[in-house]
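Below is one structure, written out as structure tokens; comments come after it.
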Amino acid sequence: MASTEKNFTATTNPCKLCAPLGASLVFKGVRDALCLLHGSQGCATYIRRYLISHFREPVDIASSSFAEAAAVFGGGDNLKNALTNVCSQYHPKIIGVATTCLSETIGDNVPMYISEFKKANSRTDLPEIVHISTPSYRGTHMDGFYDSVKALVVSLARAGDRTDQIALFPGFVSPADMRYLKEIVSDFGLPRVMLPDYSETLDGPLWKEYQRIPKGGTTYDEIVSLGRSQAVIEFGHTLKTGRSAGLPLEEYSVHRYTLGLPIGITLSDEFFGVLEQLSGRKMPARYAEERGRLIDSYADAHKYIFEKKAILFGEEDLVIAMASFLFEIGVVPVLCASGSKSGAMEKILSEMGARYGRTISVRGNADFSDILDEAKNLAPDFLVGNSKGYAIARELDIPLIRIGFPVHDRIGGGRLLHLGYRGSQELFDRIVNTIIECTQAKSSVGHSYM
Amino acid sequence: MVDVLAQRERQVFRKGEDTFNIGCERNSVAGSVSQRACVFCGSRVVLYPIADALHLIHGPIGCAAYTWDIRGALSSGPELHRLSFSTDIQENNVIYGGEKKLYNSLIELIDTHHPKAAFVYATCIVGIIGDDVDAVCKQVAGEKGIPVLPVHSEGFKGTKKDGYRAACEALLKIIGRVATDKISKFSINILGDFNIAGETWVIREYYRRIGVEVVSAITGDGRVEDIGRSHGASLNVVQCSGSMMYLAKQMKEKYGIPFIRVSYFGIEDTSEALFAVARFFNDVGLLERTGLLVESEVERVNRRIRYYREKLKGKKAAIYVGGAFKAFSLIKALHLLGMEVAVVGSQTGNKDDYTRLKDMCLPGTIIVDDSNPVELANFSIEKEVDLFIGGVKERPLAYKLGMGFCDHNHERKQVLAGYEGMVNFAKEVYSSVMSPVWRFSPRKTVGAGNGVD
Ligand code: SF4
Ligand code: SF4
């Protein structure tokens with residue numbers, strides 16, 4: 001039973017965010033880059049606040065700060081003024097100019113403004129300016145995210161002599177996930193460029209001195225070099241279509257692998273399989289051991305979770321990969337929901353369910369009130385998703401396993417590990433222990449052994 | 001020295017060195033990463049605590065998503081304000097208009113949640129796509145028999161202050177709808193307290209103890225019905241002057257209700273607030289009860305903060321808050337704790353506010369309007385502050401630089417108002433400034449790992 005129909009006109013407690021947030025994240029993962037939102041001040045400030053509450057790191061996002069005149073006569077002057085000020089205050093190498101609903105609605109010609117700005121400032125040290133169109137009435141934060149990666153590739157990557165380098169587009173994963181991915185690829189002896197890479201900028205140490213733009217991120221040269229990679233690996237089931245940033249690399253004859261986020265054995269094996277193939281090496285021992293321990297723990301704990309019912313929500317690609325993981329450990333994701341609506345999720349998940357002989361409900365374009373309404377009839381055991389699900393977890397009186405973004409009510413959102421055997425191990429242990437804890441808490445005996 | 005953007009030079013003032021008037025009430029400089037939000041933010045701060053009203057944000061999803069349950073405005077009853085409602089405008093609405101979607105959303109949400117009133121916040125693109133929000137509101141109000149009020153809060157049409165004003169306009173349409181019999185002559189409205197962490201309850205309790213009836217708190221733990229009869233009160237007691245002065249002035253004009261300005265932050269200001277109310281009614285019993293309350297509370301607070309004061313003496317603080325009025329109270333409260341204020345700024349202060357700040361501050365203090373992260377970080381480093389007081393956006397900045405932090409905006413979860421608020425404040429400042437973790441900050445020590453570049 002796959003349904004995409006929304007019962008309500010209004011959205012109550014949204015399960016999605018707006019497009020410029022995704023763009024802002026991507027530019028946090030580029031070295032010496034700053035994102036500038038072309039529109040009113042509020043959007044930038046709210047997005048900063050939202051990101052800061054999760055990562056607990058400074059997040060500077062500039063705004064062209066529209067006032068009434070800009071909304072009437074166009075925001076060209078504001079944008080140029082903002083670019084000048086961003087340059088003098090931050091000295092960035094790259095500026096991402098992402099539009100907002102406002103500048104899109106009034107039809108601002110951003111590429112033209114940018115080229116006028118460049119002409120008027122023919123200094124040699126002018127930063128690279130990359131424009132992304134991110135009206136939120138057209139897409140969610142994930143569209144903003146994927147489109148920004150794509151825009152960086154299209155505007156900066158160049159052809160050249162082929163290297164053995166791997167291009168890796170991880171998608172919207174945590175800083176901890178990014179660090180682990182880099183470790184994995186390096187351990188296969190493969191040179192790599194990962195885009196974006198906010199593993200340091202959004203999960204960094206205290207500072208010795210004030211940093212205008214925190215250290216870390218994919219460098220300009222690395223992005224240029226993407227066109228010379230031997231292959232590109234990108235995560236995200238929904239990317240098989242036009243949003244893929246790997247697709248434009250095919251023009252440079254870079255071989256493209258579009259995989260699901262490597263969560264659980266099945267999807268991690270796929271990723272490691274590709275790495276084995278590309279490197280010509282076997283999986284390094286430490287990963288084989290991690291994999292071994294993960295399966296060992298599956299065996300130890302399978303009974304506690306078998307046929308438990310989970311409700312899963314969040315970004316489509318995360319939901320699909322998590323569903324694959326839950327299925328493989330015997331949990332049934334009875335309802336899989338996302339605020340996005342690419343349409344790809346419904347098909348993929350229904351087929352996945354069928355392979356495991358389960359009928360599940362899949363909802364795109366859902367909000368938390370839709371999820372709650374349906375959940376009431378499903379008797380779920382727990383929820384898996386970001387912290388915005390806490391309100392319904394509380395109402396249903398079941399635990400919420402916090403994954404993904406945002407996690408606003410706990411510390412360490414950026415350090416949550418989801419990917420690969422190690423990340424799956426962490427998720428697995430948390431899920432099993434949550435179930436055991438519930439049973440223990442509700443038991444009249446209070447067993448001190450499992 | 002910090003490089004301040006040329007366009008902002010007049011918005012940074014060093015007492016003792018500079019003599020100019022501080023530039024203020026300007027639009028944010030494009031590209032400066034202002035810490036300000038927008039008009040909508042201002043409207044939302046004021047109206048959201050009304051817990052039995054429907055708050056529908058008309059526009060694309062972001063404005064609603066980012067503000068879902070972000071403020072700790074508590075309710076003792078209904079909690080409709082904690083849900084996030086949006087018309088979630090899509091591309092076809094941008095092209096063909098969103099009035100129909102707005103209408104349907106309103107009807108459906110009113111039928112589902114039975115609110116006592118509905119506020120419709122028009123955000124940035126609504127006017128541009130040509131929606132007649134007023135007309136839709138009027139139609140729905142007629143059909144559903146509740147007030148349905150447009151709040152024109154397009155983000156770019158001014159600053160947060162314009163949002164306050166739009167909110168006040170909406171409130172004025174609710175005020176006066178309910179009969180005002182059985183209201184005591186010693187009666188007030190609390191204006192400009194939003195019941196963050198339950199602060200309105202604390203303040204209401206003081207008034208109860210001295211024998212003053214609170215007709216309505218606007219808008220902390222607010223109810224449409226109470227606000228509807230607020231014009232029956234004898235006095236408006238306005239806190240946080242930025243957001244509510246407009247309402248107070250309008251109520252004076254329309255209903256002849258006088259107002260006074262107060263602050264409930266710090267013992268000095270709290271005591272003065274209660275006395276001001278008592279003096280207004282000029283009743284012997286009332287004055288006497290106030291005297292007793294103040295005396296016992298102040299004694300208790302002083303006893304309870306003595307320890308913190310000893311520890312915090314001589315520590316330096318930076319303050320960056322939304323409204324300047326709050327900064328005044330904070331400076332006094334920090335002085336009470338024996339601390340110095342080295343940097344102080346606000347997002348929306350006006351000329352009078354900055355004149356007053358200049359008077360209050362010691363020479364050498366940096367005073368700043370509508371600042372940004374680069375400036376705030378550099379001023380705090382320059383002055384070697386031990387504590388930063390601000391909102392969520394400033395918190396990681398302070399921590400990165402190894403400074404303590406105290407959250408003093410609408411997202412805090414602790415009562416900071418009144419007498420018990422002063423004790424909480426002292427404790428909070430103490431817990432952050434005196435924590436042993438700061439000795440590991442690379443700016444303060446050289447240890448293993450700190451030598452790495
Ligand atoms: S106007 Fe658009 S870009 Fe700005 S916050 Fe709202 S949805 Fe996001
Ligand atoms: S600036 Fe406009 S679109 Fe952005 S948050 Fe404010 S009202 Fe919403």
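Order determines the names: the first chain of the structure tokens is A, the second B, and so forth; residues in each chain are numbered 1 upward, and ligands are numbered 1 upward as they are shown.
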
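Identified as lying at most 6 Å from ligand 2 when counting only C-alpha atoms and all ligand atoms are the residues Ser40, Gln41, Gly42 and Cys43 of chain A; Cys38, Phe40, Cys63, Thr123, Cys124, Glu154, Gly155 and Phe156 of chain B.
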
Exercise. Pick out the residues no farther than 8 Å from ligand 1, counting only C-alpha atoms and all ligand atoms, and list them as a ChimeraX atom specification.
Key: /A:17-21,39-40,42-44,46-47,99-102,134-137 /B:59-64,66,123-125

Quiz prompt | Gap from atom CA of Ser84 of chain B to atom CA of Leu54 of chain B - Å, one decimal | solution =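 Going from atom CA of Ser84 of chain B over to atom CA of Leu54 of chain B covers 9.4 Å.
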
Exercise. Using DSSP on the backbone coordinates, identify the residues of segment 277-429 of chain A assigned to strand (DSSP E); present them as a ChimeraX atom specification.
Key: /A:309-313,332-337,361-363,382-385,400-402

Quiz item: Taking only C-alpha atoms into account, what are the residues of chain B at most 7 Å from chain A, put as a ChimeraX atom specification?
Solution: /B:28,30-33,35-38,60-62,65-66,83-91,101,104-105,124-125,155-158,374,377,392-393,396-397,400-401,441-443

Practice problem: With a distance cut-off of 7 Å and only C-alpha atoms, select the neighbouring residues of segment 146-153 of chain B, excluding the residue or stretch itself and same-chain residues fewer than 2 positions from it, and output the selection as a ChimeraX atom specification. | Solution: /B:39-40,43,116-123,133-134,137-138,140-141,144,155,163,166-167,170
